[in-house]
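One file, entry_26.tsv, is given below (TSV, C-alpha atoms).
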```tsv
chain	number	residue	atom	x	y	z
A	26	MET	CA	21.73	58.74	163.71
A	27	PHE	CA	22.58	60.94	160.73
A	28	SER	CA	26.07	62.24	160.08
A	29	VAL	CA	28.19	63.87	157.40
A	30	SER	CA	31.66	62.52	156.69
A	31	GLU	CA	34.60	64.16	154.96
A	32	GLU	CA	36.33	60.78	155.03
A	33	PRO	CA	35.57	58.01	152.50
A	34	LEU	CA	32.55	56.01	153.64
A	35	GLU	CA	34.41	52.90	152.52
A	36	ASP	CA	36.77	53.43	155.50
A	37	LEU	CA	33.99	53.60	158.12
A	38	ASP	CA	32.24	50.91	160.12
A	39	LEU	CA	28.80	51.77	158.78
A	40	GLN	CA	26.83	48.73	159.86
A	41	GLY	CA	28.42	48.29	163.29
A	42	PRO	CA	26.19	50.72	165.22
A	43	LEU	CA	23.10	48.94	163.85
A	44	LEU	CA	23.98	45.48	165.16
A	45	ASN	CA	21.04	44.27	167.17
A	46	ARG	CA	20.12	40.79	168.39
A	47	GLU	CA	16.44	41.35	167.54
A	48	ALA	CA	17.19	42.36	163.96
A	49	GLY	CA	16.10	39.68	161.54
A	50	GLY	CA	16.75	41.95	158.58
A	51	CYS	CA	19.27	44.63	157.72
A	52	VAL	CA	18.69	46.59	154.51
A	53	GLU	CA	21.57	48.72	153.27
A	54	PHE	CA	21.67	51.14	150.35
A	55	SER	CA	24.75	52.87	149.04
A	56	GLY	CA	24.61	55.64	146.45
A	57	ARG	CA	27.74	55.85	144.33
A	58	VAL	CA	29.21	58.33	141.89
A	59	ARG	CA	28.43	57.18	138.37
A	60	ASP	CA	30.26	58.24	135.24
A	61	PHE	CA	27.37	59.69	133.24
A	62	ASN	CA	24.35	61.95	133.65
A	63	GLN	CA	21.96	63.47	131.12
A	64	GLY	CA	24.12	62.33	128.22
A	65	LYS	CA	27.39	63.76	129.54
A	66	THR	CA	30.46	61.91	130.80
A	67	VAL	CA	31.00	62.72	134.48
A	68	SER	CA	34.57	62.70	135.80
A	69	SER	CA	33.92	63.57	139.49
A	70	LEU	CA	31.35	64.97	141.93
A	71	GLU	CA	31.69	67.71	144.52
A	72	TYR	CA	29.38	67.90	147.54
A	73	GLN	CA	28.87	70.99	149.69
A	74	VAL	CA	26.98	70.57	152.97
A	75	TYR	CA	25.46	73.06	155.40
A	76	ALA	CA	26.46	70.82	158.27
A	77	GLY	CA	24.41	72.14	161.17
A	78	LEU	CA	21.14	72.09	159.31
A	79	ALA	CA	21.94	68.82	157.50
A	80	ASP	CA	22.40	67.06	160.85
A	81	LYS	CA	19.12	68.42	162.12
A	82	GLU	CA	17.11	67.60	158.97
A	83	GLY	CA	18.79	64.21	158.51
A	84	ASN	CA	17.96	63.17	162.04
A	85	LEU	CA	14.39	64.37	161.54
A	86	ILE	CA	14.06	62.13	158.45
A	87	LEU	CA	15.37	59.14	160.42
A	88	LYS	CA	12.94	59.90	163.24
A	89	GLU	CA	10.07	60.02	160.73
A	90	ALA	CA	11.17	56.65	159.35
A	91	ARG	CA	11.17	55.12	162.84
A	92	GLU	CA	7.66	56.46	163.42
A	93	LYS	CA	6.20	55.42	160.04
A	94	PHE	CA	7.71	51.94	159.83
A	95	ASP	CA	8.11	49.08	162.26
A	96	ILE	CA	11.89	49.17	162.38
A	97	LEU	CA	14.45	48.89	165.17
A	98	GLU	CA	16.98	51.50	164.05
A	99	ALA	CA	18.13	53.51	161.06
A	100	ARG	CA	21.39	55.21	160.21
A	101	CYS	CA	22.54	57.45	157.36
A	102	VAL	CA	25.95	58.86	156.50
A	103	HIS	CA	26.46	61.36	153.68
A	104	ARG	CA	29.79	62.39	152.18
A	105	SER	CA	31.06	65.90	151.69
A	106	GLY	CA	33.96	67.01	149.53
A	107	HIS	CA	35.22	65.93	146.12
A	108	LEU	CA	34.45	62.32	145.13
A	109	LYS	CA	35.80	60.13	142.37
A	110	ILE	CA	33.77	57.83	140.14
A	111	GLY	CA	32.66	54.74	142.05
A	112	GLU	CA	33.05	56.28	145.52
A	113	MET	CA	30.19	55.98	147.97
A	114	ALA	CA	28.30	59.28	148.34
A	115	VAL	CA	25.58	58.19	150.74
A	116	TRP	CA	24.83	55.13	152.84
A	117	VAL	CA	21.56	54.18	154.52
A	118	GLY	CA	21.14	51.20	156.81
A	119	VAL	CA	17.94	50.01	158.46
A	120	VAL	CA	17.42	47.07	160.79
A	121	ALA	CA	14.05	45.54	161.59
A	122	VAL	CA	12.58	42.33	162.91
A	123	HIS	CA	11.26	41.57	159.41
A	124	ARG	CA	12.63	42.64	156.04
A	125	ALA	CA	9.58	44.31	154.46
A	126	GLU	CA	9.52	47.25	156.87
A	127	ALA	CA	13.29	47.67	156.55
A	128	PHE	CA	13.06	47.90	152.74
A	129	SER	CA	10.22	50.45	152.96
A	130	ALA	CA	12.01	52.58	155.54
A	131	CYS	CA	15.24	52.57	153.52
A	132	GLN	CA	13.36	53.74	150.42
A	133	TYR	CA	11.60	56.47	152.42
A	134	ILE	CA	14.86	57.79	153.86
A	135	MET	CA	16.54	57.96	150.44
A	136	ASP	CA	13.54	59.63	148.79
A	137	GLU	CA	13.32	62.27	151.51
A	138	LEU	CA	16.99	63.06	151.87
A	139	LYS	CA	17.43	63.78	148.16
A	140	HIS	CA	15.17	66.80	148.26
A	141	ARG	CA	15.32	67.86	151.92
A	142	LEU	CA	18.95	67.80	153.05
A	143	PRO	CA	20.90	71.05	152.57
A	144	ILE	CA	23.45	69.32	150.37
A	145	TRP	CA	24.55	70.48	146.94
A	146	LYS	CA	26.14	68.40	144.21
A	147	LYS	CA	28.31	69.71	141.41
A	148	GLU	CA	29.10	67.48	138.47
A	149	HIS	CA	32.46	67.88	136.79
A	150	TYR	CA	32.44	66.62	133.22
A	151	ALA	CA	35.09	65.02	131.07
A	152	ASP	CA	34.86	67.96	128.63
A	153	GLY	CA	35.92	70.42	131.39
A	154	ASP	CA	32.43	71.84	131.96
A	155	SER	CA	30.64	71.60	135.30
A	156	GLY	CA	27.23	72.34	136.78
A	157	TRP	CA	25.23	72.25	140.01
A	158	ILE	CA	22.59	69.56	140.05
A	159	ARG	CA	19.01	70.29	140.92
A	160	SER	CA	17.04	67.19	141.93
A	161	HIS	CA	15.18	65.89	138.86
A	162	THR	CA	16.04	68.95	136.75
A	163	PRO	CA	19.03	69.95	134.65
A	164	PRO	CA	22.19	71.37	136.30
A	165	LEU	CA	22.40	75.07	137.16
A	166	LYS	CA	25.43	77.01	135.95
A	167	ALA	CA	27.15	79.75	137.93
A	168	GLY	CA	26.13	82.12	135.14
A	169	GLY	CA	22.53	81.28	135.86
A	170	ASP	CA	21.78	79.33	132.69
A	171	LEU	CA	20.64	75.75	132.73
A	172	ALA	CA	23.44	73.57	131.47
A	173	PHE	CA	21.07	71.45	129.41
A	174	SER	CA	18.48	73.99	128.37
B	24	MET	CA	24.11	102.32	163.96
B	25	ARG	CA	20.47	103.33	163.39
B	26	ALA	CA	17.85	101.69	165.59
B	27	ASP	CA	16.44	99.61	162.72
B	28	GLN	CA	19.84	98.39	161.57
B	29	LYS	CA	21.15	94.94	162.34
B	30	THR	CA	24.26	93.02	161.40
B	31	VAL	CA	23.71	89.45	160.20
B	32	SER	CA	25.99	86.59	159.13
B	33	LEU	CA	25.42	85.11	155.70
B	34	LEU	CA	26.68	81.71	154.56
B	35	TYR	CA	26.73	80.87	150.87
B	36	PHE	CA	26.56	77.48	149.17
B	37	ALA	CA	26.69	76.13	145.64
B	38	VAL	CA	25.76	78.55	142.87
B	39	LEU	CA	25.30	81.48	145.29
B	40	ARG	CA	28.82	80.88	146.67
B	41	GLU	CA	30.21	81.01	143.16
B	42	GLN	CA	28.25	84.10	142.17
B	43	ARG	CA	29.21	85.94	145.38
B	44	GLY	CA	32.80	84.70	145.37
B	45	LEU	CA	32.62	84.21	149.15
B	46	ASN	CA	31.79	81.37	151.56
B	47	ALA	CA	30.47	83.79	154.19
B	48	GLU	CA	30.20	87.46	155.07
B	49	THR	CA	28.52	89.83	157.50
B	50	ARG	CA	26.13	92.48	156.28
B	51	THR	CA	24.49	95.42	158.01
B	52	THR	CA	20.97	96.02	156.85
B	53	SER	CA	17.83	97.90	157.78
B	54	VAL	CA	15.36	95.54	156.08
B	55	SER	CA	13.08	93.60	158.40
B	56	THR	CA	12.57	90.21	156.72
B	57	ALA	CA	14.70	87.45	155.18
B	58	GLY	CA	12.86	87.91	151.88
B	59	ALA	CA	13.66	91.62	151.68
B	60	LEU	CA	17.29	90.86	152.51
B	61	TYR	CA	17.50	88.43	149.59
B	62	GLU	CA	16.07	91.05	147.21
B	63	ASP	CA	18.84	93.45	148.33
B	64	LEU	CA	21.49	90.77	147.86
B	65	LYS	CA	20.12	89.82	144.47
B	66	ARG	CA	20.38	93.44	143.34
B	67	ASP	CA	23.81	94.06	144.88
B	68	CYS	CA	25.51	90.73	144.15
B	69	GLY	CA	23.97	89.76	140.83
B	70	PHE	CA	22.36	86.57	142.09
B	71	THR	CA	20.35	84.98	139.31
B	72	LEU	CA	18.14	82.69	141.39
B	73	SER	CA	14.72	84.04	142.21
B	74	ARG	CA	13.20	83.72	145.65
B	75	ASP	CA	10.92	80.98	144.28
B	76	ASP	CA	14.00	78.80	143.67
B	77	LEU	CA	15.27	79.15	147.23
B	78	ARG	CA	14.57	78.13	150.78
B	79	VAL	CA	15.86	80.16	153.70
B	80	SER	CA	17.17	79.18	157.11
B	81	VAL	CA	17.76	81.43	160.10
B	82	ASN	CA	19.98	80.21	162.95
B	83	GLY	CA	19.95	76.64	161.60
B	84	ALA	CA	16.20	76.21	161.09
B	85	PHE	CA	14.10	76.47	157.93
B	86	VAL	CA	11.85	79.54	158.10
B	87	ASP	CA	9.43	81.51	155.95
B	88	PHE	CA	10.74	84.39	153.84
B	89	GLU	CA	8.56	86.73	155.89
B	90	GLN	CA	10.50	85.75	159.04
B	91	PRO	CA	11.71	88.92	160.82
B	92	ILE	CA	15.49	89.05	161.09
B	93	ALA	CA	17.44	90.22	164.11
B	94	ASP	CA	20.91	91.43	164.91
B	95	GLY	CA	23.35	88.50	165.06
B	96	ASP	CA	21.25	86.07	163.02
B	97	GLU	CA	22.96	83.47	160.81
B	98	ILE	CA	21.04	83.48	157.54
B	99	VAL	CA	21.42	81.04	154.66
B	100	PHE	CA	19.60	81.22	151.35
B	101	LEU	CA	19.56	77.66	150.09
B	102	PRO	CA	19.70	76.99	146.34
B	103	PRO	CA	17.91	73.86	145.04
B	104	VAL	CA	19.41	70.89	146.87
B	105	ALA	CA	20.52	67.53	145.53
B	106	GLY	CA	21.59	65.08	148.19
B	107	GLY	CA	22.29	61.44	147.54
```

Mind turning the file's structure into structure tokens?
Amino acid sequence: MFSVSEEPLEDLDLQGPLLNREAGGCVEFSGRVRDFNQGKTVSSLEYQVYAGLADKEGNLILKEAREKFDILEARCVHRSGHLKIGEMAVWVGVVAVHRAEAFSACQYIMDELKHRLPIWKKEHYADGDSGWIRSHTPPLKAGGDLAFS
Amino acid sequence: MRADQKTVSLLYFAVLREQRGLNAETRTTSVSTAGALYEDLKRDCGFTLSRDDLRVSVNGAFVDFEQPIADGDEIVFLPPVAGG
């Protein structure tokens, strides 16, 4: 099950829905807001989400993971809104009979969601500047210039 | 309204939202595809992203830019994403 949360992920029971008596392994990953990127000091992050499509695409990624790997269940929750340094932005949990498949599925889900979910991330910097992040490329400014060109 | 005209809903995110200054709007158009609609918006709204930078969704599903558009469609041009 994929979902988007406006509430802090720290306040949610993330692992609860995955509890399973057959599960010998539970792999969890949490992505957190860090205080630097591309040489700049980051003060906060803002996420915008196209919710309807994100739910659909997120659940498709989880379905793919269940088909590709021998796992019991997978869950992902992504934040929206304005996040402070250290806050959890995304959480992925996978349970499986054995750990190897759970690790692989967790990695697959994270790799896919970064470039497939309709989610946008704006970095706000300590110097007052800000820019939209493009996966693996420099941030895009509202004026159309790359922030780190 | 002319026979070839249709009114569509547009949602904006990220850099397009900032450049348009709106979260959403409706627009009446006579173009027939999502791609042609973006070219009109780019000209009228000063969007700097080219079509190559974008993906497009119609009614909550990713589609091709050549997808025909219809009256009442919800259309979103998606700037480069960055989840996680």

**Q.** Neighbour list for Ile96 of chain A as JSON, numbers by chain, cut-off 7 Å, only C-alpha atoms, skip fewer than 2 positions in-chain
**A.** {"A": [91, 94, 98, 120, 121, 122, 126, 127]}

Q. Which is closer to chain B than all the others in A:Trp116, A:Tyr150, A:Tyr133, A:Phe128, using only C-alpha atoms?
A. A:Trp116

Q: Rank B:Asp27, B:Val104, B:Arg74, B:Ser32 by their smallest atom-to-atom distance to Ala59 of chain B, using all atoms listed in the file, and report the top residue only.
A: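 Distance minimum relative to Ala59 of chain B lands on B:Arg74.
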
Q: Tell me which protein, DNA and RNA residues are within 9 Å of segment 39-56 of chain A, counting only C-alpha atoms, leaving out same-chain ones fewer than 3 positions away, and put them as a ChimeraX atom specification.
A: /A:34-36,96-102,112-125,127-128,131-132,135 /B:107

Using all atoms listed in the file, what does the table of segment 64-99 of chain B residues within 12 Å of segment 59-79 of chain A look like, with each row giving the shortest atom pair and its distance in Å to one decimal, sorted by chain and ascending number, as a tab-separated table?
```
residue	atom	partner	partner_atom	distance
B:Val79	CA	A:Leu78	CA	11.2
B:Ser80	CA	A:Leu78	CA	8.4
B:Val81	CA	A:Leu78	CA	10.0
B:Asn82	CA	A:Leu78	CA	9.0
B:Gly83	CA	A:Leu78	CA	5.2
B:Ala84	CA	A:Leu78	CA	6.7
B:Phe85	CA	A:Leu78	CA	8.4
B:Val86	CA	A:Leu78	CA	12.0
B:Glu97	CA	A:Gly77	CA	11.4
B:Ile98	CA	A:Tyr75	CA	11.5
B:Val99	CA	A:Tyr75	CA	9.0
```

N, CA, C and O atoms restored at segment 71-93 of chain B, emitted as an mmCIF file, in the frame of the given file:
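Saved to selection_23.cif:
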```cif
data_model
loop_
_atom_site.group_PDB
_atom_site.id
_atom_site.type_symbol
_atom_site.label_atom_id
_atom_site.label_comp_id
_atom_site.auth_asym_id
_atom_site.auth_seq_id
_atom_site.Cartn_x
_atom_site.Cartn_y
_atom_site.Cartn_z
ATOM 1 N N THR B 71 21.313 85.229 140.393
ATOM 2 C CA THR B 71 20.350 84.980 139.310
ATOM 3 C C THR B 71 19.144 84.162 139.773
ATOM 4 O O THR B 71 18.129 84.124 139.078
ATOM 5 N N LEU B 72 19.276 83.489 140.922
ATOM 6 C CA LEU B 72 18.140 82.690 141.390
ATOM 7 C C LEU B 72 17.057 83.607 141.942
ATOM 8 O O LEU B 72 17.351 84.585 142.640
ATOM 9 N N SER B 73 15.808 83.266 141.626
ATOM 10 C CA SER B 73 14.720 84.040 142.210
ATOM 11 C C SER B 73 14.349 83.436 143.558
ATOM 12 O O SER B 73 14.731 82.309 143.874
ATOM 13 N N ARG B 74 13.598 84.190 144.325
ATOM 14 C CA ARG B 74 13.200 83.720 145.650
ATOM 15 C C ARG B 74 12.442 82.391 145.548
ATOM 16 O O ARG B 74 12.527 81.560 146.441
ATOM 17 N N ASP B 75 11.703 82.213 144.447
ATOM 18 C CA ASP B 75 10.920 80.980 144.280
ATOM 19 C C ASP B 75 11.813 79.733 144.188
ATOM 20 O O ASP B 75 11.353 78.621 144.421
ATOM 21 N N ASP B 76 13.079 79.940 143.805
ATOM 22 C CA ASP B 76 14.000 78.800 143.670
ATOM 23 C C ASP B 76 14.650 78.437 145.006
ATOM 24 O O ASP B 76 15.336 77.422 145.089
ATOM 25 N N LEU B 77 14.489 79.284 146.003
ATOM 26 C CA LEU B 77 15.270 79.150 147.230
ATOM 27 C C LEU B 77 14.429 78.748 148.426
ATOM 28 O O LEU B 77 13.213 78.947 148.442
ATOM 29 N N ARG B 78 15.126 78.207 149.435
ATOM 30 C CA ARG B 78 14.570 78.130 150.780
ATOM 31 C C ARG B 78 15.495 78.976 151.655
ATOM 32 O O ARG B 78 16.614 79.301 151.240
ATOM 33 N N VAL B 79 15.026 79.331 152.832
ATOM 34 C CA VAL B 79 15.860 80.160 153.700
ATOM 35 C C VAL B 79 15.895 79.539 155.090
ATOM 36 O O VAL B 79 14.889 78.984 155.570
ATOM 37 N N SER B 80 17.068 79.608 155.712
ATOM 38 C CA SER B 80 17.170 79.180 157.110
ATOM 39 C C SER B 80 17.746 80.332 157.935
ATOM 40 O O SER B 80 18.574 81.109 157.442
ATOM 41 N N VAL B 81 17.254 80.450 159.153
ATOM 42 C CA VAL B 81 17.760 81.430 160.100
ATOM 43 C C VAL B 81 18.177 80.682 161.364
ATOM 44 O O VAL B 81 17.375 79.914 161.925
ATOM 45 N N ASN B 82 19.426 80.872 161.751
ATOM 46 C CA ASN B 82 19.980 80.210 162.950
ATOM 47 C C ASN B 82 19.762 78.696 162.916
ATOM 48 O O ASN B 82 19.374 78.075 163.909
ATOM 49 N N GLY B 83 19.972 78.099 161.726
ATOM 50 C CA GLY B 83 19.950 76.640 161.600
ATOM 51 C C GLY B 83 18.581 76.006 161.559
ATOM 52 O O GLY B 83 18.448 74.809 161.824
ATOM 53 N N ALA B 84 17.548 76.785 161.216
ATOM 54 C CA ALA B 84 16.200 76.210 161.090
ATOM 55 C C ALA B 84 15.528 76.807 159.854
ATOM 56 O O ALA B 84 15.650 78.019 159.599
ATOM 57 N N PHE B 85 14.837 75.959 159.086
ATOM 58 C CA PHE B 85 14.100 76.470 157.930
ATOM 59 C C PHE B 85 13.014 77.436 158.418
ATOM 60 O O PHE B 85 12.309 77.150 159.402
ATOM 61 N N VAL B 86 12.883 78.562 157.730
ATOM 62 C CA VAL B 86 11.850 79.540 158.100
ATOM 63 C C VAL B 86 11.176 80.057 156.831
ATOM 64 O O VAL B 86 11.620 79.799 155.713
ATOM 65 N N ASP B 87 10.133 80.834 157.033
ATOM 66 C CA ASP B 87 9.430 81.510 155.950
ATOM 67 C C ASP B 87 10.204 82.763 155.541
ATOM 68 O O ASP B 87 10.915 83.342 156.358
ATOM 69 N N PHE B 88 10.048 83.181 154.285
ATOM 70 C CA PHE B 88 10.740 84.390 153.840
ATOM 71 C C PHE B 88 10.255 85.639 154.561
ATOM 72 O O PHE B 88 10.925 86.665 154.547
ATOM 73 N N GLU B 89 9.084 85.569 155.157
ATOM 74 C CA GLU B 89 8.560 86.730 155.890
ATOM 75 C C GLU B 89 9.070 86.769 157.337
ATOM 76 O O GLU B 89 8.700 87.653 158.111
ATOM 77 N N GLN B 90 9.932 85.790 157.684
ATOM 78 C CA GLN B 90 10.500 85.750 159.040
ATOM 79 C C GLN B 90 11.249 87.053 159.334
ATOM 80 O O GLN B 90 12.137 87.453 158.576
ATOM 81 N N PRO B 91 10.921 87.741 160.435
ATOM 82 C CA PRO B 91 11.710 88.920 160.820
ATOM 83 C C PRO B 91 13.148 88.505 161.139
ATOM 84 O O PRO B 91 13.375 87.426 161.693
ATOM 85 N N ILE B 92 14.093 89.352 160.779
ATOM 86 C CA ILE B 92 15.490 89.050 161.090
ATOM 87 C C ILE B 92 15.969 89.974 162.191
ATOM 88 O O ILE B 92 15.479 91.096 162.337
ATOM 89 N N ALA B 93 16.955 89.472 162.954
ATOM 90 C CA ALA B 93 17.440 90.220 164.110
ATOM 91 C C ALA B 93 18.957 90.310 164.089
ATOM 92 O O ALA B 93 19.629 89.506 163.414
#
```
